[in-house]
Amino acid sequence: MKRNFPAIASSLACVLLGACVFLAQAQDQPKAAPKPKPKPKPTTWAEKKAQILKPLTAEEEGMIEQALPGGATAKPKAKRKILVFYRCEGFVHASIVAGNRALEKMGEKTGAYRVEVTDDYAAFSAENLAGFDAVLFNNTTHLKFKDAAHRHALMDFVKSGKGIIGIHAASDNFYDWPDAAAMMGGQFNGHPWGAGGTWAFKLNDAGHALNRVFAGKGFWHSDEIYWYKPETYTGPDKLRILFSLDLSKDANLQELSKPKIKDNPKYKEILAKPKSIEVPVAWVRRYRGGRLFYSNLGHRKETFWNPVMLQHYLDGIQYALGDLKADAKPTAGKQALKAVPAPDRPAG
Ligand SMILES: [Zn+2]
């Protein structure tokens with residue numbers, strides 16, 4: 001067999017050339033940058049605070065400004081001062097920043113109160129608390145009151161007739177202090193209704209002074225809504241419930257059929273009677289001589305530049321301060337209370 005040497009030589013040359021080109025290209029390729037190490041997860045409050053609580057933008061500041069109520073609902077009987085506490089040992093809500101700012105500006109503009117904002121447990125000394133009319137827990141989580149003197153001081157503060165205000169995660173605290181958990185009225189047990197949804201709310205008591213802002217109508221709002229541990233929820237025997245989830249609406253009910261909800265034993269009480277169970281969202285109560293206002297709204301920062309919700313907070317705050325007269329007799333046994341469902345769908 002006659003070999004075709006020129007053809008073989010040219011094929012060999014091509015293979016060699018190809019290999020050289022490939023090697024040259026490989027050398028020209030930029031080396032893959034080393035993967036950036038994932039940021040270590042913040043663990044302490046100081047680390048979480050630095051990473052999660054970001055300053056508001058100028059636009060957000062402006063939206064808060066525009067949403068503020070025009071004035072106080074009731075004339076303050078004295079100069080009022082509120083201690084706003086926002087420390088978190090558990091989950092940190094980024095909305096804390098908007099909440100603190102809205103609460104501060106609302107007090108300044110309406111003249112209803114002034115605030116001092118802190119995350120330092122030392123604020124709970126008896127001497128310091130003496131200078132305040134109410135303590136407001138803005139989205140605090142898993143608080144640890146290690147100093148017994150601070151616990152006593154807060155309970156004495158309440159007993160002396162002062163106010164406690166809880167916003168959203170204020171009910172996710174005091175796991176080693178049952179008295180304080182009982183005071184708030186219920187303890188966090190998950191949130192079947194997530195922050196991304198828009199939920200229907202019914203007024204339990206349309207004629208109540210603190211529901212005036214809703215003008216006798218139920219409403220829809222986007223926020224995260226809690227279910228409370230049945231064994232810690234104080235219930236309508238002690239709480240005057242202002243509004244709750246309207247579970248006659250499909251939007252609210254549908255959430256309960258999602259696997260993460262329907263297969264979770266902690267929701268068994270809701271799942272047993274989803275259409276008739278009460279999921280309270282805002283309430284007031286008297287507690288050992290003091291006044292408490294709690295609202296579960298406030299996971300989303302947008303809630304803090306919603307004019308209706310700022311009015312809702314202001315009215316509750318003025319009740320807790322003792323300036324806005326409102327009936328805090330428990331809901332149970334008050335058969336004449338007028339409940340009003342949410343409209344069929346969200347406005348707009
Ligand atoms: Zn939340």
# chains A, B, ... in the order shown; residues from 1 in each chain; ligands from 1

call {"tool": "closest_atom_pairs", "arguments": {"of": "chain A", "to": "ligand 1", "cutoff": "9 Å", "atoms": "only C-alpha atoms and all ligand atoms", "output": "Markdown table"}}
result
| residue | atom | partner | partner_atom_place_in_ligand_line | distance |
| --- | --- | --- | --- | --- |
| A:Phe91 | CA | ligand 1 | 1 (Zn) | 8.3 |
| A:Val92 | CA | ligand 1 | 1 (Zn) | 8.6 |
| A:His93 | CA | ligand 1 | 1 (Zn) | 6.4 |
| A:Ser95 | CA | ligand 1 | 1 (Zn) | 8.9 |
| A:Asn139 | CA | ligand 1 | 1 (Zn) | 7.8 |
| A:His168 | CA | ligand 1 | 1 (Zn) | 6.6 |
| A:Ala169 | CA | ligand 1 | 1 (Zn) | 6.1 |
| A:His191 | CA | ligand 1 | 1 (Zn) | 7.9 |
| A:Gly194 | CA | ligand 1 | 1 (Zn) | 8.4 |
| A:Ala195 | CA | ligand 1 | 1 (Zn) | 7.3 |
| A:Asp223 | CA | ligand 1 | 1 (Zn) | 8.2 |
| A:Glu224 | CA | ligand 1 | 1 (Zn) | 5.7 |
| A:Ile225 | CA | ligand 1 | 1 (Zn) | 7.7 |
| A:Tyr226 | CA | ligand 1 | 1 (Zn) | 8.1 |
| A:Asn296 | CA | ligand 1 | 1 (Zn) | 8.7 |
| A:Leu297 | CA | ligand 1 | 1 (Zn) | 8.6 |
| A:Gly298 | CA | ligand 1 | 1 (Zn) | 7.3 |
| A:His299 | CA | ligand 1 | 1 (Zn) | 4.3 |
| A:Arg300 | CA | ligand 1 | 1 (Zn) | 7.5 |

call {"tool": "residues_around", "arguments": {"residues": "Ala332 in chain A", "least_positions_apart": "4", "cutoff": "12 Å", "atoms": "only C-alpha atoms", "output": "list of chain:residue names"}}
result
A:Asn204, A:Asp205, A:Thr234, A:Gly235, A:Pro236, A:Asp237, A:Lys238, A:Leu239, A:Arg240, A:Ile241, A:Ala328, A:Ala336, A:Leu337

call {"tool": "write_last_selection", "arguments": {"atoms": "N, CA and C atoms", "output": "PDB file, in the first residue's frame"}}
result
ATOM      1  N   ASN A 204     -63.892  44.194  64.966  1.00  0.00           N
ATOM      2  CA  ASN A 204     -64.669  43.431  65.952  1.00  0.00           C
ATOM      3  C   ASN A 204     -65.647  44.340  66.673  1.00  0.00           C
ATOM      4  N   ASP A 205     -65.344  45.628  66.599  1.00  0.00           N
ATOM      5  CA  ASP A 205     -66.044  46.577  67.454  1.00  0.00           C
ATOM      6  C   ASP A 205     -66.037  47.924  66.716  1.00  0.00           C
ATOM      7  N   THR A 234     -54.033  35.444  75.726  1.00  0.00           N
ATOM      8  CA  THR A 234     -54.839  35.825  76.887  1.00  0.00           C
ATOM      9  C   THR A 234     -56.341  35.764  76.581  1.00  0.00           C
ATOM     10  N   GLY A 235     -56.699  36.056  75.355  1.00  0.00           N
ATOM     11  CA  GLY A 235     -58.074  35.843  74.915  1.00  0.00           C
ATOM     12  C   GLY A 235     -59.040  36.976  75.197  1.00  0.00           C
ATOM     13  N   PRO A 236     -60.243  36.853  74.612  1.00  0.00           N
ATOM     14  CA  PRO A 236     -61.245  37.918  74.715  1.00  0.00           C
ATOM     15  C   PRO A 236     -61.805  38.104  76.124  1.00  0.00           C
ATOM     16  N   ASP A 237     -61.472  37.176  77.035  1.00  0.00           N
ATOM     17  CA  ASP A 237     -61.901  37.371  78.432  1.00  0.00           C
ATOM     18  C   ASP A 237     -61.132  38.514  79.077  1.00  0.00           C
ATOM     19  N   LYS A 238     -59.958  38.806  78.526  1.00  0.00           N
ATOM     20  CA  LYS A 238     -59.133  39.863  79.132  1.00  0.00           C
ATOM     21  C   LYS A 238     -58.849  41.000  78.158  1.00  0.00           C
ATOM     22  N   LEU A 239     -58.957  40.730  76.864  1.00  0.00           N
ATOM     23  CA  LEU A 239     -58.580  41.745  75.869  1.00  0.00           C
ATOM     24  C   LEU A 239     -59.817  42.361  75.228  1.00  0.00           C
ATOM     25  N   ARG A 240     -59.721  43.629  74.907  1.00  0.00           N
ATOM     26  CA  ARG A 240     -60.747  44.253  74.075  1.00  0.00           C
ATOM     27  C   ARG A 240     -60.171  44.264  72.658  1.00  0.00           C
ATOM     28  N   ILE A 241     -60.686  43.365  71.832  1.00  0.00           N
ATOM     29  CA  ILE A 241     -60.131  43.200  70.492  1.00  0.00           C
ATOM     30  C   ILE A 241     -60.704  44.273  69.576  1.00  0.00           C
ATOM     31  N   ALA A 328     -61.834  49.665  77.568  1.00  0.00           N
ATOM     32  CA  ALA A 328     -60.924  48.511  77.529  1.00  0.00           C
ATOM     33  C   ALA A 328     -61.557  47.293  78.184  1.00  0.00           C
ATOM     34  N   ALA A 336     -73.253  43.132  72.392  1.00  0.00           N
ATOM     35  CA  ALA A 336     -73.770  44.205  71.527  1.00  0.00           C
ATOM     36  C   ALA A 336     -72.711  44.804  70.603  1.00  0.00           C
ATOM     37  N   LEU A 337     -71.466  44.326  70.693  1.00  0.00           N
ATOM     38  CA  LEU A 337     -70.415  44.905  69.850  1.00  0.00           C
ATOM     39  C   LEU A 337     -70.718  44.652  68.378  1.00  0.00           C
TER      40      LEU A 337
END

call {"tool": "closest_atom_pairs", "arguments": {"of": "range 89-198 of chain A", "to": "range 261-267 of chain A", "cutoff": "12 Å", "atoms": "only C-alpha atoms", "output": "CSV"}}
result
residue,atom,partner,partner_atom,distance
A:Phe188,CA,A:Lys266,CA,11.1
A:Asn189,CA,A:Lys266,CA,7.3
A:Gly190,CA,A:Lys266,CA,8.3
A:His191,CA,A:Ile261,CA,9.2
A:Pro192,CA,A:Ile261,CA,6.4
A:Trp193,CA,A:Ile261,CA,9.7
A:Gly194,CA,A:Ile261,CA,11.2

call {"tool": "write_last_selection", "arguments": {"atoms": "N, CA and C atoms", "output": "PDB file, in the first residue's frame"}}
result
ATOM      1  N   PHE A 188     -46.077  34.840  69.893  1.00  0.00           N
ATOM      2  CA  PHE A 188     -45.851  34.433  68.503  1.00  0.00           C
ATOM      3  C   PHE A 188     -45.828  32.913  68.336  1.00  0.00           C
ATOM      4  N   ASN A 189     -46.535  32.464  67.314  1.00  0.00           N
ATOM      5  CA  ASN A 189     -46.545  31.019  67.023  1.00  0.00           C
ATOM      6  C   ASN A 189     -46.559  30.819  65.501  1.00  0.00           C
ATOM      7  N   GLY A 190     -45.792  31.644  64.815  1.00  0.00           N
ATOM      8  CA  GLY A 190     -45.755  31.544  63.349  1.00  0.00           C
ATOM      9  C   GLY A 190     -46.665  32.575  62.693  1.00  0.00           C
ATOM     10  N   HIS A 191     -46.495  32.697  61.386  1.00  0.00           N
ATOM     11  CA  HIS A 191     -47.295  33.690  60.653  1.00  0.00           C
ATOM     12  C   HIS A 191     -47.842  33.059  59.374  1.00  0.00           C
ATOM     13  N   PRO A 192     -48.972  32.377  59.486  1.00  0.00           N
ATOM     14  CA  PRO A 192     -49.572  31.772  58.296  1.00  0.00           C
ATOM     15  C   PRO A 192     -49.837  32.798  57.194  1.00  0.00           C
ATOM     16  N   TRP A 193     -50.059  34.036  57.572  1.00  0.00           N
ATOM     17  CA  TRP A 193     -50.349  35.072  56.579  1.00  0.00           C
ATOM     18  C   TRP A 193     -49.087  35.923  56.406  1.00  0.00           C
ATOM     19  N   GLY A 194     -48.356  35.664  55.321  1.00  0.00           N
ATOM     20  CA  GLY A 194     -47.026  36.238  55.131  1.00  0.00           C
ATOM     21  C   GLY A 194     -47.036  37.699  54.726  1.00  0.00           C
TER      22      GLY A 194
END

call {"tool": "select_by_dssp", "arguments": {"residues": "range 115-303 of chain A", "states": "strand (DSSP E)", "output": "PyMOL selection string"}}
result
chain A and resi 115-118+134-138+163-167+198-203+219-222+240-245+280-287+290-295

call {"tool": "write_last_selection", "arguments": {"atoms": "N, CA and C atoms", "output": "tab-separated table (two decimals), in the first residue's frame"}}
result
chain	number	residue	atom	x	y	z
A	115	VAL	N	-40.36	61.17	72.10
A	115	VAL	CA	-39.80	59.82	72.28
A	115	VAL	C	-38.32	59.89	72.66
A	116	GLU	N	-37.90	58.85	73.36
A	116	GLU	CA	-36.48	58.60	73.49
A	116	GLU	C	-36.30	57.17	72.97
A	117	VAL	N	-35.43	57.00	71.99
A	117	VAL	CA	-35.28	55.71	71.32
A	117	VAL	C	-34.01	55.04	71.81
A	118	THR	N	-34.11	53.79	72.25
A	118	THR	CA	-32.92	53.11	72.76
A	118	THR	C	-32.99	51.60	72.53
A	134	ALA	N	-44.94	56.00	78.98
A	134	ALA	CA	-45.22	54.70	78.35
A	134	ALA	C	-43.91	54.12	77.83
A	135	VAL	N	-43.90	52.80	77.72
A	135	VAL	CA	-42.80	52.10	77.05
A	135	VAL	C	-43.37	51.46	75.79
A	136	LEU	N	-42.70	51.68	74.68
A	136	LEU	CA	-43.16	51.11	73.41
A	136	LEU	C	-42.11	50.11	72.91
A	137	PHE	N	-42.54	48.87	72.67
A	137	PHE	CA	-41.66	47.83	72.14
A	137	PHE	C	-41.87	47.78	70.63
A	138	ASN	N	-40.91	48.32	69.89
A	138	ASN	CA	-41.02	48.33	68.43
A	138	ASN	C	-40.29	47.12	67.85
A	163	GLY	N	-48.28	53.29	80.64
A	163	GLY	CA	-48.69	52.61	79.41
A	163	GLY	C	-47.65	51.67	78.84
A	164	ILE	N	-48.14	50.63	78.17
A	164	ILE	CA	-47.28	49.70	77.41
A	164	ILE	C	-47.85	49.64	76.00
A	165	ILE	N	-46.96	49.76	75.02
A	165	ILE	CA	-47.39	49.71	73.62
A	165	ILE	C	-46.54	48.65	72.93
A	166	GLY	N	-47.19	47.78	72.17
A	166	GLY	CA	-46.46	46.74	71.45
A	166	GLY	C	-46.75	46.82	69.97
A	167	ILE	N	-45.68	46.80	69.17
A	167	ILE	CA	-45.85	46.82	67.72
A	167	ILE	C	-45.26	45.54	67.12
A	198	THR	N	-51.87	40.44	50.80
A	198	THR	CA	-52.79	41.51	51.22
A	198	THR	C	-53.99	40.81	51.85
A	199	TRP	N	-54.23	41.12	53.11
A	199	TRP	CA	-55.21	40.36	53.90
A	199	TRP	C	-56.42	41.21	54.27
A	200	ALA	N	-57.51	40.49	54.50
A	200	ALA	CA	-58.77	41.16	54.86
A	200	ALA	C	-58.91	41.21	56.38
A	201	PHE	N	-59.34	42.36	56.88
A	201	PHE	CA	-59.51	42.54	58.32
A	201	PHE	C	-60.93	43.00	58.64
A	202	LYS	N	-61.52	42.39	59.67
A	202	LYS	CA	-62.85	42.83	60.10
A	202	LYS	C	-62.71	43.64	61.39
A	203	LEU	N	-63.58	44.59	61.56
A	203	LEU	CA	-63.60	45.32	62.83
A	203	LEU	C	-64.42	44.45	63.80
A	219	PHE	N	-61.26	46.39	56.33
A	219	PHE	CA	-60.27	46.89	55.36
A	219	PHE	C	-59.32	45.78	54.94
A	220	TRP	N	-58.50	46.07	53.96
A	220	TRP	CA	-57.45	45.16	53.50
A	220	TRP	C	-56.11	45.85	53.72
A	221	HIS	N	-55.09	45.08	54.05
A	221	HIS	CA	-53.77	45.69	54.27
A	221	HIS	C	-52.70	44.62	54.03
A	222	SER	N	-51.54	45.06	53.53
A	222	SER	CA	-50.42	44.13	53.29
A	222	SER	C	-49.48	44.15	54.48
A	240	ARG	N	-59.72	43.63	74.91
A	240	ARG	CA	-60.75	44.25	74.08
A	240	ARG	C	-60.17	44.26	72.66
A	241	ILE	N	-60.69	43.36	71.83
A	241	ILE	CA	-60.13	43.20	70.49
A	241	ILE	C	-60.70	44.27	69.58
A	242	LEU	N	-59.80	44.94	68.88
A	242	LEU	CA	-60.22	46.04	67.99
A	242	LEU	C	-60.53	45.49	66.60
A	243	PHE	N	-59.59	44.78	66.02
A	243	PHE	CA	-59.86	44.14	64.73
A	243	PHE	C	-59.09	42.83	64.61
A	244	SER	N	-59.54	42.00	63.67
A	244	SER	CA	-58.95	40.67	63.52
A	244	SER	C	-59.03	40.28	62.05
A	245	LEU	N	-58.44	39.13	61.72
A	245	LEU	CA	-58.51	38.67	60.32
A	245	LEU	C	-59.95	38.33	59.98
A	280	PRO	N	-56.91	37.48	66.32
A	280	PRO	CA	-56.91	38.89	66.68
A	280	PRO	C	-55.65	39.59	66.17
A	281	VAL	N	-55.78	40.85	65.84
A	281	VAL	CA	-54.65	41.60	65.27
A	281	VAL	C	-54.30	42.83	66.12
A	282	ALA	N	-55.30	43.49	66.67
A	282	ALA	CA	-55.02	44.66	67.52
A	282	ALA	C	-55.97	44.64	68.71
A	283	TRP	N	-55.44	45.03	69.86
A	283	TRP	CA	-56.28	45.03	71.06
A	283	TRP	C	-55.79	46.05	72.08
A	284	VAL	N	-56.65	46.30	73.04
A	284	VAL	CA	-56.26	47.08	74.22
A	284	VAL	C	-56.69	46.31	75.46
A	285	ARG	N	-56.10	46.66	76.57
A	285	ARG	CA	-56.50	46.03	77.83
A	285	ARG	C	-55.99	46.87	78.99
A	286	ARG	N	-56.61	46.65	80.15
A	286	ARG	CA	-56.03	47.16	81.39
A	286	ARG	C	-55.20	46.02	81.96
A	287	TYR	N	-54.07	46.33	82.52
A	287	TYR	CA	-53.22	45.30	83.11
A	287	TYR	C	-52.60	45.86	84.39
A	290	GLY	N	-52.23	49.48	84.68
A	290	GLY	CA	-51.72	50.17	83.49
A	290	GLY	C	-52.61	49.94	82.28
A	291	ARG	N	-52.24	50.57	81.18
A	291	ARG	CA	-53.01	50.43	79.92
A	291	ARG	C	-52.09	49.88	78.84
A	292	LEU	N	-52.59	48.90	78.09
A	292	LEU	CA	-51.78	48.32	77.03
A	292	LEU	C	-52.49	48.43	75.68
A	293	PHE	N	-51.72	48.78	74.68
A	293	PHE	CA	-52.21	48.78	73.29
A	293	PHE	C	-51.23	47.94	72.50
A	294	TYR	N	-51.76	46.96	71.74
A	294	TYR	CA	-50.91	46.13	70.89
A	294	TYR	C	-51.48	46.09	69.48
A	295	SER	N	-50.60	46.22	68.50
A	295	SER	CA	-51.01	46.04	67.11
A	295	SER	C	-50.01	45.11	66.43

call {"tool": "residues_around", "arguments": {"residues": "range 60-73 of chain A", "least_positions_apart": "4", "cutoff": "7 Å", "atoms": "only C-alpha atoms", "output": "compact mmCIF listing (two decimals) with C-alpha atoms, in the first residue's frame"}}
result
# COMPACT_ATOMS: atom_id res chain seq x y z
CA LEU A 56 -34.02 55.44 55.40
CA ALA A 102 -42.41 57.50 62.10
CA MET A 106 -45.59 61.64 64.68
CA LYS A 109 -45.80 66.93 64.61
CA THR A 110 -48.91 66.20 66.68
CA GLY A 111 -47.51 67.28 70.03
CA ALA A 112 -49.01 64.10 71.54
CA PHE A 304 -45.11 53.12 58.68
CA TRP A 305 -45.92 55.46 55.83
CA ASN A 306 -49.55 54.43 55.50
CA PRO A 307 -51.66 57.37 56.82
CA LEU A 310 -50.16 55.85 61.50
CA GLN A 311 -53.50 57.19 62.78
CA ASP A 315 -54.86 56.54 68.69

call {"tool": "atom_distance", "arguments": {"atom1": "CA of Tyr113 in chain A", "atom2": "CA of Leu321 in chain A"}}
result
8.8 Å

call {"tool": "select_by_dssp", "arguments": {"residues": "range 110-219 of chain A", "states": "helix (DSSP H, G or I)", "output": "tab-separated table (two decimals) with N, CA and C atoms, in the first residue's frame"}}
result
chain	number	residue	atom	x	y	z
A	110	THR	N	-47.59	66.10	66.04
A	110	THR	CA	-48.91	66.20	66.68
A	110	THR	C	-48.84	66.79	68.08
A	121	TYR	N	-30.75	47.90	77.59
A	121	TYR	CA	-31.57	47.42	78.72
A	121	TYR	C	-31.45	48.34	79.94
A	122	ALA	N	-30.33	49.07	80.02
A	122	ALA	CA	-30.13	49.94	81.19
A	122	ALA	C	-31.24	50.98	81.32
A	123	ALA	N	-31.97	51.22	80.23
A	123	ALA	CA	-33.07	52.20	80.26
A	123	ALA	C	-34.19	51.76	81.20
A	124	PHE	N	-34.18	50.46	81.58
A	124	PHE	CA	-35.26	49.95	82.41
A	124	PHE	C	-34.97	50.05	83.91
A	126	ALA	N	-35.43	51.79	87.50
A	126	ALA	CA	-36.59	52.49	88.07
A	126	ALA	C	-36.42	54.00	87.93
A	127	GLU	N	-35.20	54.50	88.15
A	127	GLU	CA	-34.96	55.96	88.06
A	127	GLU	C	-35.25	56.45	86.66
A	128	ASN	N	-34.79	55.71	85.68
A	128	ASN	CA	-34.97	56.17	84.30
A	128	ASN	C	-36.44	56.08	83.88
A	129	LEU	N	-37.09	54.97	84.22
A	129	LEU	CA	-38.49	54.80	83.80
A	129	LEU	C	-39.39	55.88	84.40
A	148	ALA	N	-32.95	41.43	87.44
A	148	ALA	CA	-34.25	41.36	88.12
A	148	ALA	C	-34.77	42.75	88.45
A	149	ALA	N	-33.85	43.69	88.71
A	149	ALA	CA	-34.29	45.06	89.05
A	149	ALA	C	-35.03	45.68	87.87
A	150	HIS	N	-34.62	45.35	86.65
A	150	HIS	CA	-35.29	45.89	85.47
A	150	HIS	C	-36.69	45.30	85.33
A	151	ARG	N	-36.82	44.02	85.63
A	151	ARG	CA	-38.14	43.38	85.57
A	151	ARG	C	-39.08	44.04	86.57
A	152	HIS	N	-38.58	44.20	87.79
A	152	HIS	CA	-39.42	44.82	88.83
A	152	HIS	C	-39.79	46.23	88.42
A	153	ALA	N	-38.83	46.94	87.88
A	153	ALA	CA	-39.08	48.34	87.51
A	153	ALA	C	-40.16	48.44	86.44
A	154	LEU	N	-40.14	47.53	85.46
A	154	LEU	CA	-41.15	47.58	84.39
A	154	LEU	C	-42.53	47.23	84.95
A	155	MET	N	-42.59	46.22	85.81
A	155	MET	CA	-43.89	45.85	86.38
A	155	MET	C	-44.42	46.95	87.32
A	156	ASP	N	-43.52	47.57	88.08
A	156	ASP	CA	-43.95	48.68	88.95
A	156	ASP	C	-44.45	49.85	88.12
A	157	PHE	N	-43.79	50.07	87.00
A	157	PHE	CA	-44.17	51.13	86.05
A	157	PHE	C	-45.62	50.91	85.60
A	158	VAL	N	-45.92	49.66	85.22
A	158	VAL	CA	-47.28	49.33	84.77
A	158	VAL	C	-48.28	49.51	85.92
A	159	LYS	N	-47.91	48.97	87.09
A	159	LYS	CA	-48.81	49.04	88.25
A	159	LYS	C	-49.11	50.50	88.64
A	168	HIS	N	-46.08	44.87	66.30
A	168	HIS	CA	-45.74	43.65	65.59
A	168	HIS	C	-45.01	42.63	66.47
A	169	ALA	N	-43.67	42.48	66.33
A	169	ALA	CA	-42.96	41.42	67.04
A	169	ALA	C	-42.84	41.67	68.54
A	170	ALA	N	-43.49	42.68	69.05
A	170	ALA	CA	-43.52	42.87	70.51
A	170	ALA	C	-44.13	41.65	71.19
A	171	SER	N	-44.86	40.84	70.43
A	171	SER	CA	-45.45	39.62	71.02
A	171	SER	C	-44.52	38.41	70.84
A	178	PRO	N	-42.93	34.80	82.11
A	178	PRO	CA	-44.35	34.60	81.76
A	178	PRO	C	-45.25	35.81	82.07
A	179	ASP	N	-44.93	36.54	83.13
A	179	ASP	CA	-45.77	37.69	83.50
A	179	ASP	C	-45.78	38.74	82.39
A	180	ALA	N	-44.60	38.99	81.83
A	180	ALA	CA	-44.52	40.01	80.78
A	180	ALA	C	-45.18	39.50	79.50
A	181	ALA	N	-45.03	38.20	79.23
A	181	ALA	CA	-45.68	37.63	78.04
A	181	ALA	C	-47.19	37.72	78.18
A	182	ALA	N	-47.68	37.42	79.38
A	182	ALA	CA	-49.12	37.48	79.62
A	182	ALA	C	-49.63	38.92	79.49
A	183	MET	N	-48.81	39.86	79.92
A	183	MET	CA	-49.19	41.28	79.82
A	183	MET	C	-49.44	41.66	78.36
A	184	MET	N	-48.57	41.24	77.46
A	184	MET	CA	-48.70	41.62	76.04
A	184	MET	C	-49.96	41.00	75.44
A	209	ALA	N	-63.68	53.66	70.09
A	209	ALA	CA	-62.95	54.93	69.86
A	209	ALA	C	-61.67	54.70	69.06
A	210	LEU	N	-61.00	53.57	69.29
A	210	LEU	CA	-59.73	53.33	68.60
A	210	LEU	C	-59.92	52.76	67.20
A	211	ASN	N	-61.17	52.53	66.81
A	211	ASN	CA	-61.43	52.09	65.43
A	211	ASN	C	-62.00	53.23	64.59
A	212	ARG	N	-62.06	54.43	65.15
A	212	ARG	CA	-62.67	55.56	64.42
A	212	ARG	C	-61.98	55.78	63.07
A	213	VAL	N	-60.68	55.53	63.06
A	213	VAL	CA	-59.89	55.75	61.83
A	213	VAL	C	-60.41	54.89	60.66
A	214	PHE	N	-61.07	53.79	60.96
A	214	PHE	CA	-61.53	52.91	59.88
A	214	PHE	C	-62.95	53.25	59.42

call {"tool": "decode", "arguments": {"residues": "range 26-87 of chain A", "atoms": "C-alpha atoms", "output": "PDB file, in the first residue's frame"}}
result
ATOM      1  CA  ALA A  26      -5.703  28.534  27.588  1.00  0.00           C
ATOM      2  CA  GLN A  27      -2.799  30.685  28.784  1.00  0.00           C
ATOM      3  CA  ASP A  28      -4.592  33.868  27.698  1.00  0.00           C
ATOM      4  CA  GLN A  29      -7.763  32.947  29.632  1.00  0.00           C
ATOM      5  CA  PRO A  30      -8.026  35.024  32.776  1.00  0.00           C
ATOM      6  CA  LYS A  31      -7.767  32.831  35.812  1.00  0.00           C
ATOM      7  CA  ALA A  32     -11.152  32.295  37.488  1.00  0.00           C
ATOM      8  CA  ALA A  33     -11.414  34.734  40.387  1.00  0.00           C
ATOM      9  CA  PRO A  34     -11.480  32.976  43.727  1.00  0.00           C
ATOM     10  CA  LYS A  35     -15.070  32.698  45.004  1.00  0.00           C
ATOM     11  CA  PRO A  36     -15.781  35.415  47.545  1.00  0.00           C
ATOM     12  CA  LYS A  37     -16.196  33.951  50.992  1.00  0.00           C
ATOM     13  CA  PRO A  38     -19.824  34.238  52.139  1.00  0.00           C
ATOM     14  CA  LYS A  39     -20.252  36.981  54.708  1.00  0.00           C
ATOM     15  CA  PRO A  40     -20.399  35.438  58.154  1.00  0.00           C
ATOM     16  CA  LYS A  41     -23.948  35.468  59.493  1.00  0.00           C
ATOM     17  CA  PRO A  42     -24.316  38.128  62.156  1.00  0.00           C
ATOM     18  CA  THR A  43     -24.872  36.582  65.537  1.00  0.00           C
ATOM     19  CA  THR A  44     -24.796  39.326  68.165  1.00  0.00           C
ATOM     20  CA  TRP A  45     -27.336  42.127  68.343  1.00  0.00           C
ATOM     21  CA  ALA A  46     -24.619  44.672  67.512  1.00  0.00           C
ATOM     22  CA  GLU A  47     -23.687  42.743  64.341  1.00  0.00           C
ATOM     23  CA  LYS A  48     -27.300  42.229  63.272  1.00  0.00           C
ATOM     24  CA  LYS A  49     -28.124  45.860  63.922  1.00  0.00           C
ATOM     25  CA  ALA A  50     -25.209  47.017  61.749  1.00  0.00           C
ATOM     26  CA  GLN A  51     -26.103  44.650  58.912  1.00  0.00           C
ATOM     27  CA  ILE A  52     -29.914  44.839  58.863  1.00  0.00           C
ATOM     28  CA  LEU A  53     -30.976  48.268  60.127  1.00  0.00           C
ATOM     29  CA  LYS A  54     -30.183  50.568  57.198  1.00  0.00           C
ATOM     30  CA  PRO A  55     -30.849  54.321  57.159  1.00  0.00           C
ATOM     31  CA  LEU A  56     -34.023  55.443  55.402  1.00  0.00           C
ATOM     32  CA  THR A  57     -33.762  56.944  51.938  1.00  0.00           C
ATOM     33  CA  ALA A  58     -34.813  60.557  51.401  1.00  0.00           C
ATOM     34  CA  GLU A  59     -37.869  59.221  49.556  1.00  0.00           C
ATOM     35  CA  GLU A  60     -38.887  57.055  52.524  1.00  0.00           C
ATOM     36  CA  GLU A  61     -38.415  59.995  54.903  1.00  0.00           C
ATOM     37  CA  GLY A  62     -40.679  62.015  52.632  1.00  0.00           C
ATOM     38  CA  MET A  63     -43.363  59.332  52.548  1.00  0.00           C
ATOM     39  CA  ILE A  64     -43.413  59.162  56.343  1.00  0.00           C
ATOM     40  CA  GLU A  65     -43.666  62.945  56.511  1.00  0.00           C
ATOM     41  CA  GLN A  66     -46.643  62.961  54.152  1.00  0.00           C
ATOM     42  CA  ALA A  67     -48.481  60.200  55.994  1.00  0.00           C
ATOM     43  CA  LEU A  68     -48.331  61.793  59.467  1.00  0.00           C
ATOM     44  CA  PRO A  69     -51.658  62.675  61.107  1.00  0.00           C
ATOM     45  CA  GLY A  70     -52.402  66.402  61.197  1.00  0.00           C
ATOM     46  CA  GLY A  71     -52.659  66.600  64.972  1.00  0.00           C
ATOM     47  CA  ALA A  72     -53.234  64.744  68.193  1.00  0.00           C
ATOM     48  CA  THR A  73     -56.541  62.872  68.455  1.00  0.00           C
ATOM     49  CA  ALA A  74     -56.920  63.933  72.096  1.00  0.00           C
ATOM     50  CA  LYS A  75     -55.311  66.878  73.806  1.00  0.00           C
ATOM     51  CA  PRO A  76     -52.492  65.545  75.997  1.00  0.00           C
ATOM     52  CA  LYS A  77     -53.232  66.112  79.690  1.00  0.00           C
ATOM     53  CA  ALA A  78     -49.519  66.665  80.306  1.00  0.00           C
ATOM     54  CA  LYS A  79     -46.235  66.613  78.397  1.00  0.00           C
ATOM     55  CA  ARG A  80     -45.862  62.962  77.465  1.00  0.00           C
ATOM     56  CA  LYS A  81     -42.679  61.004  76.964  1.00  0.00           C
ATOM     57  CA  ILE A  82     -42.359  57.499  75.517  1.00  0.00           C
ATOM     58  CA  LEU A  83     -39.397  55.140  75.787  1.00  0.00           C
ATOM     59  CA  VAL A  84     -39.128  53.404  72.415  1.00  0.00           C
ATOM     60  CA  PHE A  85     -37.197  50.141  72.753  1.00  0.00           C
ATOM     61  CA  TYR A  86     -36.098  48.194  69.671  1.00  0.00           C
ATOM     62  CA  ARG A  87     -33.585  45.575  70.751  1.00  0.00           C
TER      63      ARG A  87
END
